[in-house]
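Enquirer: Please find one structure pasted underneath; my questions will follow.
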There are 2 protein chains.
Amino acid sequence: MTIKEQARAMKADSFLAMATTLKTRNLALEAIAKALDDNRTEIIKENQIDLEIAKEEKLAGPLLGRLEFDNKKIDGVITGIHDLIGLPDPIGKKLLEKELDEGLCLVRQSCPIGVIGVIFESRPDALIQISTLCLKSGNCAILKGGHEALHTNRILFRLVHDAAVKAGLPENWLFLAEARSEINELLDCHDYVDLLIPRGSNQFVQYIMNNTKIPVMGHADGICHCYVDQDADLAKAVKVVLDSKTQATSVCNATETLLVHRKILSSFLPMMKEAFDEKKVEIRGTKEIQAVIDCLPASEEDWSTEYLDLIISVKAVEDVDEAIKHINHFGSHHTDAIITENDATAEHFMNLVDSAGVYHNASTRFADGYRYGFGAEVGISTSKLHARGPVGLEGLCTYKYKLYGHDHIVADYATGVKSFHFKEL
Amino acid sequence: MTIKEQARAMKADSFLAMATTLKTRNLALEAIAKALDDNRTEIIKENQIDLEIAKEEKLAGPLLGRLEFDNKKIDGVITGIHDLIGLPDPIGKKLLEKELDEGLCLVRQSCPIGVIGVIFESRPDALIQISTLCLKSGNCAILKGGHEALHTNRILFRLVHDAAVKAGLPENWLFLAEARSEINELLDCHDYVDLLIPRGSNQFVQYIMNNTKIPVMGHADGICHCYVDQDADLAKAVKVVLDSKTQATSVCNATETLLVHRKILSSFLPMMKEAFDEKKVEIRGTKEIQAVIDCLPASEEDWSTEYLDLIISVKAVEDVDEAIKHINHFGSHHTDAIITENDATAEHFMNLVDSAGVYHNASTRFADGYRYGFGAEVGISTSKLHARGPVGLEGLCTYKYKLYGHDHIVADYATGVKSFHFKEL
């Protein structure tokens with residue numbers, strides 16, 4: 001079957017998946033956890049094949065680490081599945097209930113989105129997380145994983161798919177696309193696929209966004225900022241900025257630019273530089289910054305660059321409003337923090353910065369579904385429609401309006417025979 | 001200024017509009033209502049110019065009726081503005097509040113989307129409704145109205161814009177685009193415009209959706225269905241189907257296709273035909289339908305046609321599942337109704353039909369923001385992401401995550417020094 005044929009078949013089955021009960025979906029999740037547990041040896045054997053090929057192809061160390069799927073990682077995904085089973089049903093929730101008139105009731109109820117295409121990086125645990133989140137939320141999914149994980153993904157897909165079908169999910173609830181060429185085929189399936197979630201490099205996500213009519217949820221850039229205000233506690237500021245930049249670097253929620261209130265340049269920058277030097281962070285500053293501390297020059301390009309590395313750009317601002325303007329102009333609307341002891345300034349910053357996450361005295365690295373207590377996430381969204389920020393089960397649902405009548409017709413209201421009374425129930 | 005320059009200026013001012021208080025926004029709405037009331041003579045004079053040109057250009061009667069903006073219509077929009085003032089603030093609502101750890105609090109708060117582009121038909125009241133809905137929700141808007149309403153729109157825009165600016169809204173909160181060529185310019189403003197809401201013909205909305213990177217909210221087709229089940233009360237069915245088809249015809253929520261359970265063809269169709277005949281509805285049926293009642297033949301094309309006229313296509317189905325399949329395949333995911341006395345069948349239909357509105361024993365014509373009790377609407381959405389169905393104030397808002405810390409850093413949680421406790425507040 002081509003991807004389009006698969007997507008068409010999945011669309012037809014998606015209405016059955018939508019109608020599965022919570023019990024069926026949870027039983028399927030339990031069956032998946034058991035299948036993974038029962039087949040550890042085979043999974044690890046297939047993963048070894050991928051690892052050997054990757055070593056031959058001289059894949060970098062951190063990538064090899066992500067690709068490896070050992071007993072500890074299998075334990076992790078099984079725990080994740082049990083957590084997911086414990087979560088309440090995201091579908092069928094009554095979000096609004098209103099009597100429009102005697103015997104005419106309107107209910108807004110959460111329901112699955114339908115068919116979701118997810119393109120993800122070479123972490124085999126991602127396949128399990130994404131497919132089980134889609135299952136719990138009554139959605140069907142077409143998965144495309146990194147080619148480095150080909151053998152691991154193939155066995156994981158087979159185990160997850162078959163266990164769920166045995167538990168009552170429709171045959172076409174999950175597909176695995178293996179060839180890179182199939183991505184373009186998938187982008188053309190707007191008649192059958194309701195949502196695409198691409199994960200990966202900035203360039204890759206941008207390519208997806210520019211080449212499909214299917215709605216895309218995700219983020220391309222992650223250019224996050226810390227703004228250190230004149231009313232900041234400077235020791236706290238050093239601590240929060242250092243964590244925002246260095247706790248991890250190749251991640252979307254790491255800070256790339258530091259903005260500092262002009263009045264505290266000479267007191268704050270030397271402290272900050274000492275901390276950065278210790279962690280071997282390269283500093284790129286404007287002339288004004290270079291006048292206070294020894295650092296490389298920053299160019300205009302730096303403000304739009306996601307380093308994903310131990311590099312930070314630094315700039316002085318006149319006040320919180322200039323910081324807000326800089327962030328709204330150069331940022332990627334992901335996550336931005338203010339460090340200040342002045343609550344009014346903080347609230348002003350948080351209201352005017354147009355990002356999915358706005359933080360007061362906390363590291364930008366907190367932007368993550370797990371740290372928000374949402375359980376697993378399918379990704380972080382910087383678009384403003386639908387889900388924004390870390391996206392978990394709720395972001396995989398939409399709603400529909402159910403209207404229950406007793407042969408109610410509009411003519412009666414148009415002619416004034418009847419009138420609405422709108423009572424919240 | 002070109003549209004792009006206007007959009008850039010508006011984007012910069014949109015952060016100020018976002019930060020306006022409810023008091024300022026309500027005062028602006030009051031000032032707008034007063035300005036409309038104070039300038040009735042001038043408004044009607046400008047509207048007369050549009051009406052005269054339209055008559056010269058031989059505009060059809062119903063279009064002239066929509067274009068006319070008399071004292072009664074001015075009363076209507078002023079009442080609408082007062083209703084809007086009475087509604088609670090859609091922005092700043094706490095949608096979630098959680099303590100992640102001691103002193104680390106996460107709040108999900110509703111906020112404006114930012115800059116919204118609305119392209120609407122030749123009803124001057126639409127300009128007032130849309131601009132005031134955007135104002136109440138803290139958004140800025142670029143409006144493009146129908147060219148037939150040029151003079152009326154120009155004076156209404158000036159009154160609405162100026163009254164709001166005097167009340168404290170930023171200068172660039174509202175723009176009016178007048179030339180049709182500016183629509184294509186607007187479609188290219190993805191760096192500044194967050195959302196497009198096109199209203200108009202199927203073809204026009206489709207054109208917008210296919211020619212912009214900006215997210216689009218709306219609906220192209222409105223192919224709605226009524227399914228009359230074997231367990232229907234036939235007299236009720238006739239009443240509901242007739243209203244769904246004929247209460248108004250040139251509207252997106254009018255029914256275009258009637259599906260009838262095979263078992264009740266001979267009892268139901270003659271009753272239905274009598275009612276249709278009285279209203280001069282043209283019936284197009286399959287051979288199976290033609291064997292029972294006298295009607296024109298239906299072709300395959302009919303199932304995908306939005307007549308917007310006194311025409312209905314009719315088809316027999318084996319059971320509720322065949323009806324569901326037909327609707328999900330040929331429908332436009334707008335609004336579909338089942339007529340049955342069997343609640344279990346109804347619930348099955350409502351869960352499996354993948355539409356914004358699914359109705360039991362009620363006319364499809366109820367799909368409307370006013371009838372749902374939402375106040376005014378900016379449109380009806382058939383997309384599944386963000387807002388679905390009639391879209392009012394809530395659909396003009398997104399949310400952001402605010403995180404309040406006390407120099408919290410992720411390193412403490414990664415190394416196990418601290419751990420999250422996730423308490424709902």
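Labels used: A, B, ... for chains in the order of the structure tokens, numbers from 1 for residues in each chain, and numbers from 1 for ligands as shown.
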If you fit chain B onto chain A using every C-alpha atom, paired in order, what RMSD in Å do you get?
Expert: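 C-alpha RMSD after optimal superposition stands at 0.0 Å.
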Enquirer: Using only C-alpha atoms, find which residues of chain B lie within 8 Å of chain A and jot them down as a PyMOL selection string.
Expert: chain B and resi 15-16+18-19+100+106+113+194+210+213+215+236-237+239-240+243-244+247+350-363+365-366+371-373+384-389+398-411+420+422
Enquirer: Which residues are near segment 267-269 of chain A? Cut-off 10 Å, only C-alpha atoms, ignore same chain within fewer than 4 positions. Put them as a PyMOL selection string.
Expert: chain A and resi 228+230+232-235+237-238+260-261+263+273-275+289+292-293+314
Enquirer: Enumerate the residues of segment 160-254 of chain A with a DSSP assignment of helix (DSSP H, G or I), computed from the backbone, and present them as a ChimeraX atom specification.
Expert: /A:160-166,171-173,182-187,202-210,234-246
Enquirer: Based on DSSP run over this structure's backbone, return all residues of segment 183-250 of chain A in strand (DSSP E), as a list in words.
Expert: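 DSSP-assigned strand (DSSP E) residues in segment 183-250 of chain A: Leu195, Leu196, Ile197, Pro198, Cys224, His225, Cys226, Tyr227 and Val228 of chain A.
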Enquirer: May I have the residues from that selection written out with N, CA and C atoms, as a compact mmCIF listing (two decimals), in the first residue's frame?
Expert:
# COMPACT_ATOMS: atom_id res chain seq x y z
N LEU A 195 -3.79 16.23 11.18
CA LEU A 195 -2.78 17.00 11.89
C LEU A 195 -1.41 16.37 11.70
N LEU A 196 -0.41 17.20 11.49
CA LEU A 196 0.98 16.70 11.41
C LEU A 196 1.76 17.25 12.60
N ILE A 197 2.55 16.39 13.21
CA ILE A 197 3.44 16.82 14.29
C ILE A 197 4.87 16.45 13.90
N PRO A 198 5.64 17.41 13.37
CA PRO A 198 7.02 17.10 13.02
C PRO A 198 7.95 17.44 14.19
N CYS A 224 15.15 31.28 22.99
CA CYS A 224 14.62 31.70 24.29
C CYS A 224 15.54 32.78 24.89
N HIS A 225 14.93 33.63 25.73
CA HIS A 225 15.66 34.75 26.33
C HIS A 225 15.56 34.74 27.85
N CYS A 226 16.60 35.29 28.49
CA CYS A 226 16.49 35.71 29.89
C CYS A 226 16.71 37.22 29.92
N TYR A 227 15.83 37.92 30.62
CA TYR A 227 16.02 39.37 30.81
C TYR A 227 16.29 39.62 32.30
N VAL A 228 17.46 40.19 32.60
CA VAL A 228 17.80 40.50 33.99
C VAL A 228 17.49 41.98 34.23
Enquirer: Write out as a PyMOL selection string the residues lying within 6 Å of Asp50 of chain A, counting only C-alpha atoms and excluding same-chain residues fewer than 3 positions away.
Expert: chain A and resi 47+53+149
Enquirer: Residues as selected, C-alpha atoms, written as a short mmCIF file (atom, residue, chain, number, x, y, z; two decimals), in the first residue's frame, can you do that?
Expert:
data_model
loop_
_atom_site.label_atom_id
_atom_site.label_comp_id
_atom_site.auth_asym_id
_atom_site.auth_seq_id
_atom_site.Cartn_x
_atom_site.Cartn_y
_atom_site.Cartn_z
CA ASN A 47 18.38 -2.52 18.42
CA ILE A 53 25.14 0.01 11.46
CA ALA A 149 16.29 3.19 14.19
#
Enquirer: Can you pull out every residue within 12 Å of Ala179 of chain A, counting only C-alpha atoms, but drop anything in the same chain fewer than 5 positions away, and send it as number ranges by chain?
Expert: A: 2-3, 119, 143-150, 184-186
Enquirer: Using Å and a single decimal, report how far atom CA of Thr21 of chain B sits from atom CA of His334 of chain A.
Expert: 24.8 Å
Enquirer: So how far away is atom CA of Leu51 of chain B from atom CA of Leu64 of chain B, in Å?
Expert: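 Going from atom CA of Leu64 of chain B over to atom CA of Leu51 of chain B, I get 7.0 Å.
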Enquirer: Could you check the closest approach to Arg199 of chain A for each of A:Val118, A:Ala254, A:Ile327, A:Met272 and tell me which residue wins, using only C-alpha atoms?
Expert: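 Among A:Val118, A:Ala254, A:Ile327, A:Met272, it is A:Val118 that comes nearest to Arg199 of chain A.
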Enquirer: Choose the residue, out of B:Ala344, B:Leu63, B:Leu127, B:Leu265, that has the smallest atom-to-atom separation from Val317 of chain B; count only C-alpha atoms.
Expert: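 The shortest atom-to-atom distance to Val317 of chain B comes from B:Leu265.
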Enquirer: I'd like the neighbourhood of Asp70 of chain A as an MDAnalysis selection string, where a residue qualifies if any of its atoms comes within 12 Å (using only C-alpha atoms), though same-chain residues fewer than 5 positions away should be ignored.
Expert: chainID A and resid 36:37 40:48 51 65 75:77 123:125 152
Enquirer: Restricting it to N, CA and C atoms, dump the selection as an mmCIF file, in the first residue's frame.
Expert:
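File again_5.cif, as written:
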data_model
loop_
_atom_site.group_PDB
_atom_site.id
_atom_site.type_symbol
_atom_site.label_atom_id
_atom_site.label_comp_id
_atom_site.auth_asym_id
_atom_site.auth_seq_id
_atom_site.Cartn_x
_atom_site.Cartn_y
_atom_site.Cartn_z
ATOM 1 N N LEU A 36 5.866 -5.554 25.320
ATOM 2 C CA LEU A 36 7.235 -5.012 25.384
ATOM 3 C C LEU A 36 8.049 -5.791 26.420
ATOM 4 N N ASP A 37 7.421 -6.056 27.554
ATOM 5 C CA ASP A 37 8.104 -6.765 28.628
ATOM 6 C C ASP A 37 8.464 -8.193 28.191
ATOM 7 N N ARG A 40 11.649 -8.436 25.372
ATOM 8 C CA ARG A 40 12.850 -7.637 25.589
ATOM 9 C C ARG A 40 14.038 -8.154 24.766
ATOM 10 N N THR A 41 14.247 -9.462 24.776
ATOM 11 C CA THR A 41 15.411 -10.038 24.080
ATOM 12 C C THR A 41 15.386 -9.691 22.595
ATOM 13 N N GLU A 42 14.215 -9.877 21.957
ATOM 14 C CA GLU A 42 14.098 -9.607 20.514
ATOM 15 C C GLU A 42 14.283 -8.112 20.240
ATOM 16 N N ILE A 43 13.704 -7.288 21.086
ATOM 17 C CA ILE A 43 13.812 -5.836 20.885
ATOM 18 C C ILE A 43 15.286 -5.423 20.942
ATOM 19 N N ILE A 44 15.979 -5.900 21.976
ATOM 20 C CA ILE A 44 17.377 -5.507 22.162
ATOM 21 C C ILE A 44 18.239 -6.051 21.017
ATOM 22 N N LYS A 45 17.900 -7.251 20.523
ATOM 23 C CA LYS A 45 18.635 -7.842 19.390
ATOM 24 C C LYS A 45 18.500 -6.944 18.155
ATOM 25 N N GLU A 46 17.289 -6.498 17.869
ATOM 26 C CA GLU A 46 17.065 -5.628 16.698
ATOM 27 C C GLU A 46 17.771 -4.288 16.891
ATOM 28 N N ASN A 47 17.731 -3.789 18.132
ATOM 29 C CA ASN A 47 18.381 -2.517 18.421
ATOM 30 C C ASN A 47 19.898 -2.631 18.211
ATOM 31 N N GLN A 48 20.466 -3.817 18.534
ATOM 32 C CA GLN A 48 21.911 -4.031 18.326
ATOM 33 C C GLN A 48 22.272 -3.888 16.851
ATOM 34 N N LEU A 51 22.435 -0.299 16.090
ATOM 35 C CA LEU A 51 23.612 0.305 16.723
ATOM 36 C C LEU A 51 24.881 -0.030 15.943
ATOM 37 N N GLY A 65 23.748 7.330 21.816
ATOM 38 C CA GLY A 65 23.102 7.212 23.123
ATOM 39 C C GLY A 65 21.588 7.272 22.998
ATOM 40 N N ASP A 75 12.251 -0.404 30.561
ATOM 41 C CA ASP A 75 11.600 -0.151 31.863
ATOM 42 C C ASP A 75 10.918 1.221 31.842
ATOM 43 N N GLY A 76 11.628 2.199 31.315
ATOM 44 C CA GLY A 76 11.114 3.576 31.294
ATOM 45 C C GLY A 76 9.827 3.695 30.496
ATOM 46 N N VAL A 77 9.801 3.109 29.311
ATOM 47 C CA VAL A 77 8.576 3.246 28.505
ATOM 48 C C VAL A 77 7.425 2.452 29.115
ATOM 49 N N ARG A 123 14.874 8.279 18.300
ATOM 50 C CA ARG A 123 14.794 7.692 19.636
ATOM 51 C C ARG A 123 13.671 6.674 19.626
ATOM 52 N N PRO A 124 14.004 5.393 19.781
ATOM 53 C CA PRO A 124 12.929 4.383 19.725
ATOM 54 C C PRO A 124 11.863 4.610 20.794
ATOM 55 N N ASP A 125 12.247 5.187 21.954
ATOM 56 C CA ASP A 125 11.222 5.425 22.977
ATOM 57 C C ASP A 125 10.167 6.412 22.490
ATOM 58 N N THR A 152 14.786 -1.356 15.076
ATOM 59 C CA THR A 152 14.127 -1.223 16.381
ATOM 60 C C THR A 152 12.687 -0.761 16.194
#
Enquirer: Can you pull out the residues contacting segment 249-251 of chain A? Cut-off 10 Å, using only C-alpha atoms, and skip same-chain residues under 4 positions away; I want them as a list in words.
Expert: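 That gives Gly222, Asp243, Ser244, Lys245, Thr255, Glu256, Glu306, Tyr307, Leu308, Asp309, Leu310, Ile311 and Arg365 of chain A.
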Enquirer: Since we have the selection now, will you write its residues out, keeping C-alpha atoms, as a PDB file, in the first residue's frame?
Expert:
ATOM      1  CA  GLY A 222      13.681  27.760  19.996  1.00  0.00           C
ATOM      2  CA  ASP A 243      20.832  26.930  34.291  1.00  0.00           C
ATOM      3  CA  SER A 244      18.817  28.321  31.359  1.00  0.00           C
ATOM      4  CA  LYS A 245      21.953  28.279  29.189  1.00  0.00           C
ATOM      5  CA  THR A 255      18.387  30.291  26.495  1.00  0.00           C
ATOM      6  CA  GLU A 256      20.255  31.794  23.538  1.00  0.00           C
ATOM      7  CA  GLU A 306      19.615  29.313  17.825  1.00  0.00           C
ATOM      8  CA  TYR A 307      23.098  28.135  18.875  1.00  0.00           C
ATOM      9  CA  LEU A 308      22.108  24.851  20.525  1.00  0.00           C
ATOM     10  CA  ASP A 309      25.616  25.086  21.965  1.00  0.00           C
ATOM     11  CA  LEU A 310      27.655  26.661  24.802  1.00  0.00           C
ATOM     12  CA  ILE A 311      27.327  30.139  23.258  1.00  0.00           C
ATOM     13  CA  ARG A 365      14.581  24.838  30.826  1.00  0.00           C
TER      14      ARG A 365
END
